[in-house]
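Enquirer: The following block contains the structure, expressed as structure tokens.
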Amino acid sequence: MKKTLHWTQMEEGGVIWGMRLLLRIYLLFGRTVLQLFLYPVVIYYWLINRQARQASQAYLNRLADFAPTLKLSGSFLWSFRHFISFANAIIDKLAAWSGALTRADVQYHRRNEIIAQIRKGQGVVLLGSHLGNLEVCRVIADFDKSLHINVLIHNKHAQKFNRLLKQTSDSSQLNLIQVTEITAATSMLLQDKIDGGELVIIAADRSLPGSQQHVTKVNFLGGEALMPQGPFILAGLLKCPIYTVFCLKQQGKHVIYFDHFSDMLNFPRKTREQAIQQITQRYAERLQTYCLKEPLQWFNFFDFWRVSQDDE
């Protein structure tokens, strides 16, 4: 049987120059022209990338069984709509990077709780995901210069993306931090950020390559899936309040939801695995709730429900 790629191996080599080109088109000609340029690219990608297309259809079929009231299906048409939603999310990323988003474009739920923590000098961990558009969270910092946001990313492009962000906005308060594995150095760096009253965003829905022993099986959208333990263990080490964050596009607005997750995570040695399982499952249920709000904004184009060790 053909071995499928881990999601981190599916990154395109030209991602930086490609995003730089798209950003330039957006800045020069606006959203409408960029859509005319981007849609054919996404259509081509949908046609030639069989693995991503099949993953999209499998996800939509799962939704059709789990939540029939959504009236979705795994048809080619719905899969295509899924990819077009992804194309629009890319344009929204560029809008966020360029500073084109205004206060009127963004709505918040429970933002004041986060601000209150920061003003006390207390840093906060935000558990994010690949549902919606986390890049829009940059707007939080752009509207309030007292906020500093650090985002952990799992690929080698962190420094290049940071430079790209600085080119578009010298005053950007968003910092991308490359993480290939959670180490003591990682914990110390992030502890400094938390102690300094900053926000740390960690995507909690994808495992790293070769991390089979550090994942937990959870029930998600009616099936077993693997989610990483690392984000929750790291959040526990940082000993700070933890919230989930989801940014969804709803009725033309970017709506950012902050929800309290825990005052502080603690995993006692004797019940460590059980405690991690419970916390990870609770996060999966939170993610599921928001996924059902905007199912076409779930951007994991790989077999998310693959749980066999042979597939890793």
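In the structure tokens, chains take letters A, B, ... by order of appearance, with residues numbered from 1 within each chain and ligands from 1 in the order shown.
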Compile the contact shell of region 185-189 of chain A as a PyMOL selection string: residues with an atom at most 8 Å away, counting only C-alpha atoms, same-chain residues fewer than 3 positions apart removed.

Expert: chain A and resi 179+182+192-193+234+237-238

Enquirer: Okay, now the selection with C-alpha atoms, as a tab-separated table (two decimals), in the first residue's frame?

Expert:
chain	number	residue	atom	x	y	z
A	179	VAL	CA	9.28	24.59	16.79
A	182	ILE	CA	9.18	20.62	22.48
A	192	ASP	CA	9.97	34.37	29.33
A	193	LYS	CA	7.14	35.43	27.02
A	234	LEU	CA	3.73	22.70	27.36
A	237	LEU	CA	4.65	23.75	32.23
A	238	LEU	CA	4.02	27.45	31.63

Enquirer: I need the residues of region 92-146 of chain A that end up classed as alpha helix (DSSP H) by DSSP on the backbone, written out as a PyMOL selection string.

Expert: chain A and resi 92-98+111-119+138-143

Enquirer: Can you tell me, as a VMD selection string, what residues are no more than 6 Å from region 128-138 of chain A when counting only C-alpha atoms, ignoring any on the same chain fewer than 3 positions away?

Expert: chain A and resid 93 96 141 202 to 205 245 247 to 248 297 to 299

Enquirer: Output all heavy atoms for every residue in that selection, as an mmCIF file, in the first residue's frame.

Expert:
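Output saved as again_33.cif:
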data_model
loop_
_atom_site.group_PDB
_atom_site.id
_atom_site.type_symbol
_atom_site.label_atom_id
_atom_site.label_comp_id
_atom_site.auth_asym_id
_atom_site.auth_seq_id
_atom_site.Cartn_x
_atom_site.Cartn_y
_atom_site.Cartn_z
ATOM 1 N N LYS A 93 -5.722 36.089 4.962
ATOM 2 C CA LYS A 93 -4.404 36.123 5.596
ATOM 3 C C LYS A 93 -3.612 37.323 5.088
ATOM 4 O O LYS A 93 -2.976 38.055 5.863
ATOM 5 C CB LYS A 93 -3.623 34.841 5.280
ATOM 6 C CG LYS A 93 -4.128 33.566 5.911
ATOM 7 C CD LYS A 93 -3.262 32.391 5.478
ATOM 8 C CE LYS A 93 -3.910 31.060 5.758
ATOM 9 N NZ LYS A 93 -4.000 30.762 7.192
ATOM 10 N N ALA A 96 -4.833 40.485 6.509
ATOM 11 C CA ALA A 96 -4.377 40.656 7.899
ATOM 12 C C ALA A 96 -2.918 41.088 7.936
ATOM 13 O O ALA A 96 -2.535 41.981 8.698
ATOM 14 C CB ALA A 96 -4.573 39.355 8.672
ATOM 15 N N ALA A 141 -3.291 42.632 18.109
ATOM 16 C CA ALA A 141 -2.107 43.399 18.485
ATOM 17 C C ALA A 141 -2.058 44.735 17.753
ATOM 18 O O ALA A 141 -1.637 45.746 18.324
ATOM 19 C CB ALA A 141 -0.846 42.598 18.198
ATOM 20 N N ILE A 202 -0.622 28.333 20.412
ATOM 21 C CA ILE A 202 -0.132 27.006 20.040
ATOM 22 C C ILE A 202 -1.258 26.266 19.320
ATOM 23 O O ILE A 202 -2.361 26.126 19.850
ATOM 24 C CB ILE A 202 0.278 26.193 21.284
ATOM 25 C CG1 ILE A 202 1.247 26.983 22.171
ATOM 26 C CG2 ILE A 202 0.885 24.858 20.873
ATOM 27 C CD1 ILE A 202 1.535 26.306 23.496
ATOM 28 N N ALA A 203 -0.995 25.807 18.103
ATOM 29 C CA ALA A 203 -1.972 24.974 17.399
ATOM 30 C C ALA A 203 -1.994 23.598 18.064
ATOM 31 O O ALA A 203 -0.963 22.939 18.171
ATOM 32 C CB ALA A 203 -1.614 24.851 15.927
ATOM 33 N N ALA A 204 -3.157 23.180 18.516
ATOM 34 C CA ALA A 204 -3.253 21.962 19.322
ATOM 35 C C ALA A 204 -3.908 20.807 18.584
ATOM 36 O O ALA A 204 -4.283 19.817 19.211
ATOM 37 C CB ALA A 204 -4.033 22.259 20.603
ATOM 38 N N ASP A 205 -3.997 20.901 17.263
ATOM 39 C CA ASP A 205 -4.744 19.869 16.544
ATOM 40 C C ASP A 205 -3.900 19.052 15.567
ATOM 41 O O ASP A 205 -4.453 18.259 14.803
ATOM 42 C CB ASP A 205 -5.922 20.500 15.784
ATOM 43 C CG ASP A 205 -5.471 21.483 14.710
ATOM 44 O OD1 ASP A 205 -4.351 22.022 14.831
ATOM 45 O OD2 ASP A 205 -6.233 21.721 13.748
ATOM 46 N N VAL A 245 -8.823 29.671 21.154
ATOM 47 C CA VAL A 245 -9.107 30.782 20.251
ATOM 48 C C VAL A 245 -9.481 30.220 18.883
ATOM 49 O O VAL A 245 -8.806 29.338 18.352
ATOM 50 C CB VAL A 245 -7.897 31.746 20.135
ATOM 51 C CG1 VAL A 245 -6.634 31.024 19.680
ATOM 52 C CG2 VAL A 245 -8.218 32.911 19.203
ATOM 53 N N CYS A 247 -10.922 31.775 15.066
ATOM 54 C CA CYS A 247 -11.299 32.926 14.249
ATOM 55 C C CYS A 247 -12.030 32.418 13.006
ATOM 56 O O CYS A 247 -11.422 31.814 12.119
ATOM 57 C CB CYS A 247 -10.078 33.743 13.852
ATOM 58 S SG CYS A 247 -10.523 35.176 12.850
ATOM 59 N N LEU A 248 -13.318 32.665 12.950
ATOM 60 C CA LEU A 248 -14.157 32.178 11.857
ATOM 61 C C LEU A 248 -14.687 33.347 11.035
ATOM 62 O O LEU A 248 -14.905 34.439 11.558
ATOM 63 C CB LEU A 248 -15.335 31.364 12.415
ATOM 64 C CG LEU A 248 -14.979 30.210 13.353
ATOM 65 C CD1 LEU A 248 -16.250 29.530 13.861
ATOM 66 C CD2 LEU A 248 -14.077 29.198 12.661
ATOM 67 N N GLN A 297 -14.488 25.761 6.788
ATOM 68 C CA GLN A 297 -13.276 26.474 7.185
ATOM 69 C C GLN A 297 -12.311 25.572 7.951
ATOM 70 O O GLN A 297 -11.387 26.051 8.599
ATOM 71 C CB GLN A 297 -13.652 27.707 8.018
ATOM 72 C CG GLN A 297 -14.415 28.746 7.192
ATOM 73 C CD GLN A 297 -14.832 29.962 7.989
ATOM 74 O OE1 GLN A 297 -14.118 30.427 8.880
ATOM 75 N NE2 GLN A 297 -15.999 30.506 7.668
ATOM 76 N N TRP A 298 -12.498 24.273 7.832
ATOM 77 C CA TRP A 298 -11.573 23.285 8.400
ATOM 78 C C TRP A 298 -10.529 22.993 7.336
ATOM 79 O O TRP A 298 -10.821 22.386 6.305
ATOM 80 C CB TRP A 298 -12.356 22.029 8.768
ATOM 81 C CG TRP A 298 -11.551 20.812 9.090
ATOM 82 C CD1 TRP A 298 -11.298 19.758 8.253
ATOM 83 C CD2 TRP A 298 -10.909 20.495 10.322
ATOM 84 N NE1 TRP A 298 -10.543 18.805 8.898
ATOM 85 C CE2 TRP A 298 -10.290 19.230 10.170
ATOM 86 C CE3 TRP A 298 -10.807 21.155 11.543
ATOM 87 C CZ2 TRP A 298 -9.579 18.633 11.187
ATOM 88 C CZ3 TRP A 298 -10.107 20.553 12.555
ATOM 89 C CH2 TRP A 298 -9.499 19.309 12.376
ATOM 90 N N PHE A 299 -9.279 23.424 7.563
ATOM 91 C CA PHE A 299 -8.252 23.344 6.528
ATOM 92 C C PHE A 299 -7.170 22.329 6.880
ATOM 93 O O PHE A 299 -5.997 22.667 7.033
ATOM 94 C CB PHE A 299 -7.651 24.731 6.281
ATOM 95 C CG PHE A 299 -8.674 25.764 5.887
ATOM 96 C CD1 PHE A 299 -8.717 27.003 6.505
ATOM 97 C CD2 PHE A 299 -9.617 25.488 4.902
ATOM 98 C CE1 PHE A 299 -9.662 27.957 6.146
ATOM 99 C CE2 PHE A 299 -10.576 26.430 4.537
ATOM 100 C CZ PHE A 299 -10.592 27.663 5.154
#

Enquirer: Pick out the closest residue to Trp78 (chain A) from this set: A:Leu221, A:Ala58, A:Met227, A:Ile233. Count only C-alpha atoms.

Expert: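 Closest candidate: A:Ala58.
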
Enquirer: Taking only C-alpha atoms into account, which of A:Tyr257, A:Phe220, A:Gln122, A:Tyr290 comes nearest Cys240 (chain A)?

Expert: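 The shortest atom-to-atom distance to Cys240 (chain A) comes from A:Gln122.
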
Enquirer: Find the residue from A:Leu292, A:Leu22, A:Leu126, A:Ile84 that sits nearest to Ile256 (chain A); use only C-alpha atoms when measuring.

Expert: A:Leu126

Enquirer: What's around region 60-71 of chain A at 12 Å? Count only C-alpha atoms, leave out sequence neighbours fewer than 6 positions away in its own chain, and write the answer as number ranges by chain.

Expert: A: 53-54, 77-83, 219-224, 288-289, 291-301, 303-305

Enquirer: Could you jot down the CA of Ser85 (chain A) to CA of Val42 (chain A) separation for me, Å, one decimal place?

Expert: 10.0 Å
